[in-house]
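Structure, as structure tokens:
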Amino acid sequence: AVLDWTDPDLLREMLRRRLIHNSLPADTQFALVWSQICVSHYHGEETSQYLIDRSLMRPRNLIKLLAHCRGFAVGLERARIEEADFEKGLRAYSIDLITEADQEITDIVGADTDLIYHFIGEGQEFDQRRLRGILSGAGVPAEKADDVIRFMLYYGFLGVNAGDGNPRYIFDVGYDMKLLGVLAEKAKENLTYVLNPAFYPGLNL
């Protein structure tokens, strides 16, 4: 089963179909139904795209993130999702992602490292030396470091900046690790790893 998508418009269409199911005509436009349930912009960005950009391009993540935001709006008896609900929902979702990623890294390393939590307050970009320093400080054995970095890239926790200021994540290259590796190789000494914005709220960035 394909759990990770690469086209934001497909994710937006998935949301549209869920939102109109059993309540609105099948040809209802996304913009119409979206405007009824939440504000149009958050931090200057269109809200549906903002959520999609933090979903790791996974349908279940997008649904979970929207559910978190909606939950705070409903709890406060708001008619629609407001900016404050986005802020709280993003943090709750980010903490969920951190927990899931840390559990999977534990499986790879074979021991509990709490690695993801070692990124708290460490910023958004890391060169090779600094990234490996964080892994070492978390107790990741040197022989496991490459496997852990590959996992963090494939999971979407990290992306690569090949020196052009435009970070690429695994979903930007169709989940092709070879292509991501070529981009990293071309950058050589200019390569930096970039933290996915979905993890910012949970890591207090």
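Note on naming: chains are A, B, ... as they come in the structure tokens, residues start from 1 per chain, ligands start from 1 in the order shown.
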Applying 9 Å and only C-alpha atoms, which residues near Lys144 in chain A remain after dropping the ones on its own chain fewer than 5 positions away? List them as a PyMOL selection string. chain A and resi 108-109+149
Within 12 Å of Asp7 in chain A, counting only C-alpha atoms, which residues qualify if same-chain residues fewer than 4 places away don't, as a list of chain:residue names?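 Surrounding residues, per the criterion: A:Leu11, A:Arg12, A:Glu13, A:Met14, A:Gln49, A:Ile52, A:Asp53, A:Ser55, A:Leu56, A:Met57, A:Arg58, A:Pro59, A:Phe171, A:Asp172, A:Val173, A:Gly174.
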Would you put the residues from that selection into a file with N, CA, C and O atoms, as a PDB file, in the first residue's frame?
```pdb
ATOM      1  N   LEU A  11      -3.534  15.242  -2.131  1.00  0.00           N
ATOM      2  CA  LEU A  11      -3.863  15.283  -0.703  1.00  0.00           C
ATOM      3  C   LEU A  11      -5.015  16.243  -0.453  1.00  0.00           C
ATOM      4  O   LEU A  11      -5.910  15.967   0.349  1.00  0.00           O
ATOM      5  N   ARG A  12      -5.009  17.357  -1.167  1.00  0.00           N
ATOM      6  CA  ARG A  12      -6.097  18.324  -1.014  1.00  0.00           C
ATOM      7  C   ARG A  12      -7.412  17.732  -1.519  1.00  0.00           C
ATOM      8  O   ARG A  12      -8.473  17.939  -0.904  1.00  0.00           O
ATOM      9  N   GLU A  13      -7.359  16.967  -2.584  1.00  0.00           N
ATOM     10  CA  GLU A  13      -8.563  16.310  -3.102  1.00  0.00           C
ATOM     11  C   GLU A  13      -9.063  15.253  -2.123  1.00  0.00           C
ATOM     12  O   GLU A  13     -10.273  15.084  -1.933  1.00  0.00           O
ATOM     13  N   MET A  14      -8.141  14.544  -1.487  1.00  0.00           N
ATOM     14  CA  MET A  14      -8.526  13.565  -0.465  1.00  0.00           C
ATOM     15  C   MET A  14      -9.282  14.256   0.670  1.00  0.00           C
ATOM     16  O   MET A  14     -10.324  13.778   1.130  1.00  0.00           O
ATOM     17  N   GLN A  49      -2.369  24.432   2.398  1.00  0.00           N
ATOM     18  CA  GLN A  49      -0.997  24.158   1.971  1.00  0.00           C
ATOM     19  C   GLN A  49      -0.060  24.091   3.178  1.00  0.00           C
ATOM     20  O   GLN A  49       0.874  23.280   3.211  1.00  0.00           O
ATOM     21  N   ILE A  52      -0.493  20.664   4.596  1.00  0.00           N
ATOM     22  CA  ILE A  52       0.074  19.663   3.690  1.00  0.00           C
ATOM     23  C   ILE A  52       1.598  19.658   3.794  1.00  0.00           C
ATOM     24  O   ILE A  52       2.232  18.593   3.824  1.00  0.00           O
ATOM     25  N   ASP A  53       2.195  20.840   3.880  1.00  0.00           N
ATOM     26  CA  ASP A  53       3.651  20.940   3.967  1.00  0.00           C
ATOM     27  C   ASP A  53       4.201  20.301   5.233  1.00  0.00           C
ATOM     28  O   ASP A  53       5.392  19.983   5.304  1.00  0.00           O
ATOM     29  N   SER A  55       2.678  17.541   6.693  1.00  0.00           N
ATOM     30  CA  SER A  55       2.094  16.197   6.797  1.00  0.00           C
ATOM     31  C   SER A  55       3.077  15.091   6.426  1.00  0.00           C
ATOM     32  O   SER A  55       2.734  13.917   6.503  1.00  0.00           O
ATOM     33  N   LEU A  56       4.303  15.475   6.004  1.00  0.00           N
ATOM     34  CA  LEU A  56       5.272  14.516   5.455  1.00  0.00           C
ATOM     35  C   LEU A  56       4.674  13.823   4.230  1.00  0.00           C
ATOM     36  O   LEU A  56       5.079  12.715   3.883  1.00  0.00           O
ATOM     37  N   MET A  57       3.687  14.466   3.627  1.00  0.00           N
ATOM     38  CA  MET A  57       2.998  13.954   2.433  1.00  0.00           C
ATOM     39  C   MET A  57       2.342  12.603   2.688  1.00  0.00           C
ATOM     40  O   MET A  57       2.255  11.767   1.787  1.00  0.00           O
ATOM     41  N   ARG A  58       1.860  12.413   3.897  1.00  0.00           N
ATOM     42  CA  ARG A  58       1.182  11.166   4.250  1.00  0.00           C
ATOM     43  C   ARG A  58      -0.277  11.469   4.574  1.00  0.00           C
ATOM     44  O   ARG A  58      -0.565  12.292   5.453  1.00  0.00           O
ATOM     45  N   PRO A  59      -1.210  10.822   3.885  1.00  0.00           N
ATOM     46  CA  PRO A  59      -2.630  11.106   4.096  1.00  0.00           C
ATOM     47  C   PRO A  59      -3.060  10.998   5.561  1.00  0.00           C
ATOM     48  O   PRO A  59      -3.774  11.862   6.063  1.00  0.00           O
ATOM     49  N   PHE A 171      10.049  13.218  -0.055  1.00  0.00           N
ATOM     50  CA  PHE A 171       8.843  13.258  -0.896  1.00  0.00           C
ATOM     51  C   PHE A 171       9.001  14.203  -2.078  1.00  0.00           C
ATOM     52  O   PHE A 171       8.227  14.147  -3.027  1.00  0.00           O
ATOM     53  N   ASP A 172      10.010  15.088  -2.027  1.00  0.00           N
ATOM     54  CA  ASP A 172      10.277  15.973  -3.164  1.00  0.00           C
ATOM     55  C   ASP A 172      10.961  15.238  -4.308  1.00  0.00           C
ATOM     56  O   ASP A 172      11.001  15.750  -5.435  1.00  0.00           O
ATOM     57  N   VAL A 173      11.517  14.064  -4.017  1.00  0.00           N
ATOM     58  CA  VAL A 173      12.226  13.284  -5.048  1.00  0.00           C
ATOM     59  C   VAL A 173      11.551  11.936  -5.264  1.00  0.00           C
ATOM     60  O   VAL A 173      12.189  10.973  -5.678  1.00  0.00           O
ATOM     61  N   GLY A 174      10.253  11.880  -4.989  1.00  0.00           N
ATOM     62  CA  GLY A 174       9.487  10.668  -5.248  1.00  0.00           C
ATOM     63  C   GLY A 174       9.929   9.476  -4.421  1.00  0.00           C
ATOM     64  O   GLY A 174       9.831   8.336  -4.852  1.00  0.00           O
TER      65      GLY A 174
END
```
Strand (DSSP E or B) per DSSP on the backbone: members of range 30-133 of chain A, as a compact mmCIF listing (two decimals) with N, CA, C and O atoms, in the first residue's frame:
```
# COMPACT_ATOMS: atom_id res chain seq x y z
N CYS A 38 -12.30 26.67 8.38
CA CYS A 38 -11.13 27.28 9.01
C CYS A 38 -10.75 28.60 8.34
O CYS A 38 -11.24 28.92 7.26
N HIS A 41 -5.68 31.83 6.11
CA HIS A 41 -4.24 31.92 6.20
C HIS A 41 -3.74 31.78 7.64
O HIS A 41 -4.44 32.12 8.59
N TYR A 42 -2.55 31.24 7.75
CA TYR A 42 -1.88 31.11 9.06
C TYR A 42 -0.42 31.49 8.85
O TYR A 42 0.26 30.91 8.00
N GLU A 45 0.48 32.15 5.26
CA GLU A 45 0.40 31.08 4.26
C GLU A 45 -1.02 30.52 4.19
O GLU A 45 -1.72 30.49 5.21
N GLU A 46 -1.41 30.09 3.00
CA GLU A 46 -2.73 29.47 2.82
C GLU A 46 -2.78 28.22 3.70
O GLU A 46 -1.87 27.41 3.71
N ILE A 81 -12.01 26.65 12.66
CA ILE A 81 -10.65 26.57 13.18
C ILE A 81 -9.98 27.94 13.01
O ILE A 81 -9.88 28.45 11.90
N GLU A 125 19.42 23.61 10.90
CA GLU A 125 20.34 23.08 9.91
C GLU A 125 21.60 22.53 10.59
O GLU A 125 22.05 23.06 11.60
N PHE A 126 22.14 21.47 9.98
CA PHE A 126 23.28 20.78 10.58
C PHE A 126 24.24 20.34 9.48
O PHE A 126 23.80 19.74 8.50
```
For CA of Leu158 in chain A and CA of Asn196 in chain A, the interatomic separation in Å (one decimal): 5.6 Å
So how far away is CA of Arg132 in chain A from CA of Tyr193 in chain A, in Å? 11.0 Å
What's the 12 Å shell around Glu189 in chain A, counting only C-alpha atoms, without same-chain residues fewer than 6 positions away, as a short mmCIF file (atom, residue, chain, number, x, y, z; two decimals) with C-alpha atoms, in the first residue's frame?
```
data_model
loop_
_atom_site.label_atom_id
_atom_site.label_comp_id
_atom_site.auth_asym_id
_atom_site.auth_seq_id
_atom_site.Cartn_x
_atom_site.Cartn_y
_atom_site.Cartn_z
CA ASP A 127 26.49 20.04 8.75
CA GLN A 128 27.86 16.48 8.73
CA ARG A 129 30.06 16.98 11.77
CA ASN A 161 20.30 21.40 1.31
CA ALA A 162 22.67 20.99 -1.62
CA GLY A 163 23.99 24.52 -1.25
#
```
For a test of reading the model, state the distance in Å between CA of Gln103 in chain A and CA of Ala142 in chain A, rounded to one decimal. 19.3 Å
Quick one: DSSP helix (DSSP H, G or I) residues in range 54-187 of chain A, as a short mmCIF file (atom, residue, chain, number, x, y, z; two decimals) with N, CA and C atoms, in the first residue's frame?
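Produced file states.cif, reproduced below:
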```cif
data_model
loop_
_atom_site.label_atom_id
_atom_site.label_comp_id
_atom_site.auth_asym_id
_atom_site.auth_seq_id
_atom_site.Cartn_x
_atom_site.Cartn_y
_atom_site.Cartn_z
N PRO A 59 -1.21 10.82 3.88
CA PRO A 59 -2.63 11.11 4.10
C PRO A 59 -3.06 11.00 5.56
N ARG A 60 -2.62 9.95 6.24
CA ARG A 60 -3.07 9.78 7.63
C ARG A 60 -2.53 10.89 8.52
N ASN A 61 -1.33 11.40 8.20
CA ASN A 61 -0.77 12.51 8.97
C ASN A 61 -1.58 13.79 8.76
N LEU A 62 -1.97 14.02 7.51
CA LEU A 62 -2.76 15.21 7.21
C LEU A 62 -4.10 15.16 7.94
N ILE A 63 -4.73 14.00 7.94
CA ILE A 63 -6.00 13.84 8.66
C ILE A 63 -5.81 14.02 10.16
N LYS A 64 -4.73 13.45 10.68
CA LYS A 64 -4.44 13.57 12.11
C LYS A 64 -4.19 15.03 12.50
N LEU A 65 -3.42 15.72 11.68
CA LEU A 65 -3.11 17.13 11.96
C LEU A 65 -4.37 17.98 11.96
N LEU A 66 -5.21 17.79 10.95
CA LEU A 66 -6.46 18.56 10.89
C LEU A 66 -7.36 18.21 12.07
N ALA A 67 -7.37 16.93 12.46
CA ALA A 67 -8.20 16.51 13.59
C ALA A 67 -7.73 17.18 14.89
N HIS A 68 -6.41 17.31 15.06
CA HIS A 68 -5.90 17.99 16.25
C HIS A 68 -6.37 19.45 16.28
N CYS A 69 -6.24 20.13 15.15
CA CYS A 69 -6.64 21.54 15.08
C CYS A 69 -8.15 21.68 15.32
N ARG A 70 -8.91 20.80 14.69
CA ARG A 70 -10.37 20.84 14.86
C ARG A 70 -10.76 20.56 16.30
N GLY A 71 -10.04 19.63 16.94
CA GLY A 71 -10.35 19.28 18.32
C GLY A 71 -10.26 20.46 19.25
N PHE A 72 -9.23 21.30 19.07
CA PHE A 72 -9.10 22.48 19.92
C PHE A 72 -10.19 23.49 19.62
N ALA A 73 -10.58 23.62 18.34
CA ALA A 73 -11.66 24.55 17.98
C ALA A 73 -12.98 24.11 18.59
N VAL A 74 -13.28 22.82 18.48
CA VAL A 74 -14.52 22.29 19.04
C VAL A 74 -14.53 22.43 20.55
N GLY A 75 -13.39 22.16 21.18
CA GLY A 75 -13.31 22.26 22.64
C GLY A 75 -13.58 23.65 23.14
N GLU A 83 -6.59 30.72 14.15
CA GLU A 83 -5.14 30.64 14.22
C GLU A 83 -4.65 30.01 15.52
N ALA A 84 -5.30 30.34 16.62
CA ALA A 84 -4.89 29.77 17.91
C ALA A 84 -5.05 28.25 17.92
N ASP A 85 -6.07 27.76 17.22
CA ASP A 85 -6.29 26.31 17.15
C ASP A 85 -5.21 25.64 16.29
N PHE A 86 -4.78 26.34 15.24
CA PHE A 86 -3.69 25.81 14.42
C PHE A 86 -2.42 25.68 15.25
N GLU A 87 -2.13 26.69 16.03
CA GLU A 87 -0.90 26.67 16.84
C GLU A 87 -0.90 25.49 17.81
N LYS A 88 -2.03 25.29 18.50
CA LYS A 88 -2.11 24.19 19.46
C LYS A 88 -2.14 22.83 18.77
N GLY A 89 -2.87 22.77 17.66
CA GLY A 89 -2.95 21.51 16.92
C GLY A 89 -1.62 21.10 16.34
N LEU A 90 -0.85 22.06 15.81
CA LEU A 90 0.46 21.76 15.26
C LEU A 90 1.41 21.23 16.33
N ARG A 91 1.32 21.78 17.50
CA ARG A 91 2.21 21.32 18.58
C ARG A 91 1.85 19.89 19.00
N ALA A 92 0.55 19.61 19.15
CA ALA A 92 0.12 18.26 19.54
C ALA A 92 0.53 17.24 18.47
N TYR A 93 0.35 17.61 17.22
CA TYR A 93 0.71 16.74 16.10
C TYR A 93 2.22 16.52 16.06
N SER A 94 2.98 17.58 16.25
CA SER A 94 4.44 17.49 16.22
C SER A 94 4.95 16.55 17.30
N ILE A 95 4.37 16.61 18.47
CA ILE A 95 4.77 15.71 19.56
C ILE A 95 4.46 14.27 19.19
N ASP A 96 3.32 14.03 18.52
CA ASP A 96 3.00 12.68 18.05
C ASP A 96 4.07 12.17 17.08
N LEU A 97 4.47 13.03 16.13
CA LEU A 97 5.48 12.65 15.15
C LEU A 97 6.81 12.31 15.83
N ILE A 98 7.19 13.12 16.80
CA ILE A 98 8.45 12.90 17.51
C ILE A 98 8.43 11.55 18.22
N THR A 99 7.32 11.24 18.87
CA THR A 99 7.20 9.96 19.58
C THR A 99 7.32 8.79 18.61
N GLU A 100 6.62 8.88 17.47
CA GLU A 100 6.66 7.80 16.48
C GLU A 100 8.06 7.62 15.89
N ALA A 101 8.71 8.74 15.53
CA ALA A 101 10.04 8.66 14.94
C ALA A 101 11.04 8.09 15.93
N ASP A 102 10.93 8.49 17.19
CA ASP A 102 11.87 8.00 18.19
C ASP A 102 11.71 6.50 18.42
N GLN A 103 10.48 6.02 18.37
CA GLN A 103 10.24 4.59 18.53
C GLN A 103 10.86 3.80 17.38
N GLU A 104 10.76 4.33 16.16
CA GLU A 104 11.32 3.63 15.01
C GLU A 104 12.85 3.64 15.04
N ILE A 105 13.44 4.73 15.51
CA ILE A 105 14.89 4.78 15.63
C ILE A 105 15.37 3.79 16.68
N THR A 106 14.61 3.62 17.73
CA THR A 106 14.94 2.62 18.76
C THR A 106 15.03 1.24 18.13
N ASP A 107 14.12 0.94 17.20
CA ASP A 107 14.15 -0.36 16.52
C ASP A 107 15.41 -0.51 15.68
N ILE A 108 15.84 0.58 15.04
CA ILE A 108 17.02 0.52 14.18
C ILE A 108 18.30 0.35 15.01
N VAL A 109 18.41 1.13 16.08
CA VAL A 109 19.61 1.10 16.90
C VAL A 109 19.67 -0.15 17.78
N LEU A 115 16.93 9.77 20.71
CA LEU A 115 17.70 10.60 19.78
C LEU A 115 16.95 11.86 19.36
N ILE A 116 15.69 11.72 18.97
CA ILE A 116 14.95 12.87 18.46
C ILE A 116 14.93 14.01 19.47
N TYR A 117 14.84 13.66 20.75
CA TYR A 117 14.77 14.68 21.79
C TYR A 117 16.10 15.44 21.94
N HIS A 118 17.17 14.85 21.44
CA HIS A 118 18.47 15.54 21.48
C HIS A 118 18.56 16.68 20.47
N PHE A 119 17.54 16.81 19.61
CA PHE A 119 17.50 17.92 18.67
C PHE A 119 16.82 19.14 19.26
N GLN A 128 27.59 17.89 8.44
CA GLN A 128 27.86 16.48 8.73
C GLN A 128 28.42 16.30 10.14
N ARG A 129 29.39 17.12 10.48
CA ARG A 129 30.06 16.98 11.77
C ARG A 129 29.10 17.20 12.93
N ARG A 130 28.30 18.26 12.81
CA ARG A 130 27.37 18.58 13.90
C ARG A 130 26.29 17.51 14.04
N LEU A 131 25.77 17.02 12.91
CA LEU A 131 24.74 15.98 12.98
C LEU A 131 25.27 14.72 13.64
N ARG A 132 26.45 14.31 13.25
CA ARG A 132 27.03 13.10 13.85
C ARG A 132 27.36 13.33 15.31
N GLY A 133 27.66 14.56 15.67
CA GLY A 133 27.89 14.88 17.07
C GLY A 133 26.64 14.71 17.91
N ILE A 134 25.49 15.11 17.35
CA ILE A 134 24.22 14.94 18.06
C ILE A 134 23.91 13.46 18.23
N LEU A 135 24.13 12.68 17.16
CA LEU A 135 23.90 11.24 17.24
C LEU A 135 24.79 10.60 18.29
N SER A 136 26.06 10.98 18.30
CA SER A 136 26.99 10.42 19.27
C SER A 136 26.57 10.79 20.69
N GLY A 137 26.15 12.04 20.88
CA GLY A 137 25.71 12.49 22.20
C GLY A 137 24.47 11.77 22.69
N ALA A 142 28.76 4.49 16.54
CA ALA A 142 29.30 5.03 15.29
C ALA A 142 28.94 4.16 14.09
N GLU A 143 28.92 2.82 14.30
CA GLU A 143 28.63 1.92 13.18
C GLU A 143 27.16 1.96 12.78
N LYS A 144 26.30 2.56 13.61
CA LYS A 144 24.88 2.68 13.29
C LYS A 144 24.52 4.05 12.74
N ALA A 145 25.46 4.99 12.77
CA ALA A 145 25.16 6.38 12.43
C ALA A 145 24.63 6.52 11.01
N ASP A 146 25.27 5.87 10.04
CA ASP A 146 24.82 6.00 8.65
C ASP A 146 23.40 5.46 8.48
N ASP A 147 23.09 4.34 9.12
CA ASP A 147 21.74 3.77 9.03
C ASP A 147 20.71 4.72 9.62
N VAL A 148 21.04 5.35 10.74
CA VAL A 148 20.12 6.27 11.40
C VAL A 148 19.90 7.51 10.55
N ILE A 149 20.97 8.03 9.94
CA ILE A 149 20.83 9.20 9.08
C ILE A 149 19.96 8.88 7.87
N ARG A 150 20.18 7.70 7.29
CA ARG A 150 19.33 7.29 6.16
C ARG A 150 17.87 7.19 6.58
N PHE A 151 17.63 6.65 7.77
CA PHE A 151 16.25 6.56 8.24
C PHE A 151 15.64 7.95 8.40
N MET A 152 16.38 8.88 9.01
CA MET A 152 15.85 10.22 9.24
C MET A 152 15.56 10.94 7.93
N LEU A 153 16.34 10.63 6.90
CA LEU A 153 16.07 11.19 5.58
C LEU A 153 14.83 10.55 4.96
N TYR A 154 14.73 9.23 5.05
CA TYR A 154 13.59 8.54 4.44
C TYR A 154 12.29 8.84 5.19
N TYR A 155 12.38 8.99 6.49
CA TYR A 155 11.19 9.29 7.28
C TYR A 155 10.68 10.70 7.00
N ILE A 170 12.50 13.78 1.19
CA ILE A 170 12.34 12.54 0.44
C ILE A 170 11.13 12.56 -0.48
N PHE A 171 10.05 13.22 -0.05
CA PHE A 171 8.84 13.26 -0.90
C PHE A 171 9.00 14.20 -2.08
N ASP A 172 10.01 15.09 -2.03
CA ASP A 172 10.28 15.97 -3.16
C ASP A 172 10.96 15.24 -4.31
N VAL A 173 11.52 14.06 -4.02
CA VAL A 173 12.23 13.28 -5.05
C VAL A 173 11.55 11.94 -5.26
N MET A 177 15.69 7.30 -2.67
CA MET A 177 16.85 7.56 -1.83
C MET A 177 18.12 7.74 -2.66
N LYS A 178 18.19 7.08 -3.81
CA LYS A 178 19.37 7.23 -4.67
C LYS A 178 19.48 8.66 -5.18
N LEU A 179 18.34 9.22 -5.57
CA LEU A 179 18.33 10.59 -6.07
C LEU A 179 18.71 11.56 -4.96
N LEU A 180 18.18 11.34 -3.76
CA LEU A 180 18.52 12.19 -2.63
C LEU A 180 20.02 12.07 -2.32
N GLY A 181 20.54 10.86 -2.47
CA GLY A 181 21.96 10.63 -2.24
C GLY A 181 22.83 11.36 -3.25
N VAL A 182 22.38 11.40 -4.51
CA VAL A 182 23.13 12.12 -5.55
C VAL A 182 23.16 13.62 -5.24
N LEU A 183 22.03 14.16 -4.79
CA LEU A 183 21.99 15.58 -4.42
C LEU A 183 22.97 15.87 -3.28
N ALA A 184 23.00 14.95 -2.31
CA ALA A 184 23.92 15.12 -1.18
C ALA A 184 25.37 15.03 -1.64
N GLU A 185 25.65 14.09 -2.53
CA GLU A 185 27.02 13.89 -3.03
C GLU A 185 27.50 15.11 -3.82
N LYS A 186 26.62 15.69 -4.61
CA LYS A 186 26.99 16.86 -5.41
C LYS A 186 27.33 18.05 -4.53
N ALA A 187 26.68 18.15 -3.39
CA ALA A 187 26.91 19.28 -2.49
C ALA A 187 28.28 19.19 -1.82
#
```
